[in-house]
Amino acid sequence: MSRKLIIDGNAVYELDENCMLKKRIDTEERQEIVRKRDGKESEREAGKRTE
């Protein structure tokens, strides 16, 4: 388990790097899905304009 402590004045934060990595990967996957979906919608709209 990879953890980091961040000390900011009197506050102490503990970060679980594995959790942060998993969250980042999940977010990137969602963004890729949205990009693909938006690209397909743009192609549909372009097809409608030419008809």
# chains A, B, ... in the order shown; residues from 1 in each chain; ligands from 1

$ residues_around --residues "Lys4 of chain A" --least-positions-apart "2" --cutoff "10 Å" --atoms "only C-alpha atoms" --output "list in words"
Ser2, Ile6, Ile7, Tyr13, Glu14, Leu15, Asp16 and Glu17 of chain A

$ select_by_dssp --residues "chain A" --states "strand (DSSP E or B)" --output "ChimeraX atom specification"
/A:3-8,11-16

$ atom_distance --atom1 "atom CA of Arg30 of chain A" --atom2 "atom CA of Asn18 of chain A"
18.5 Å
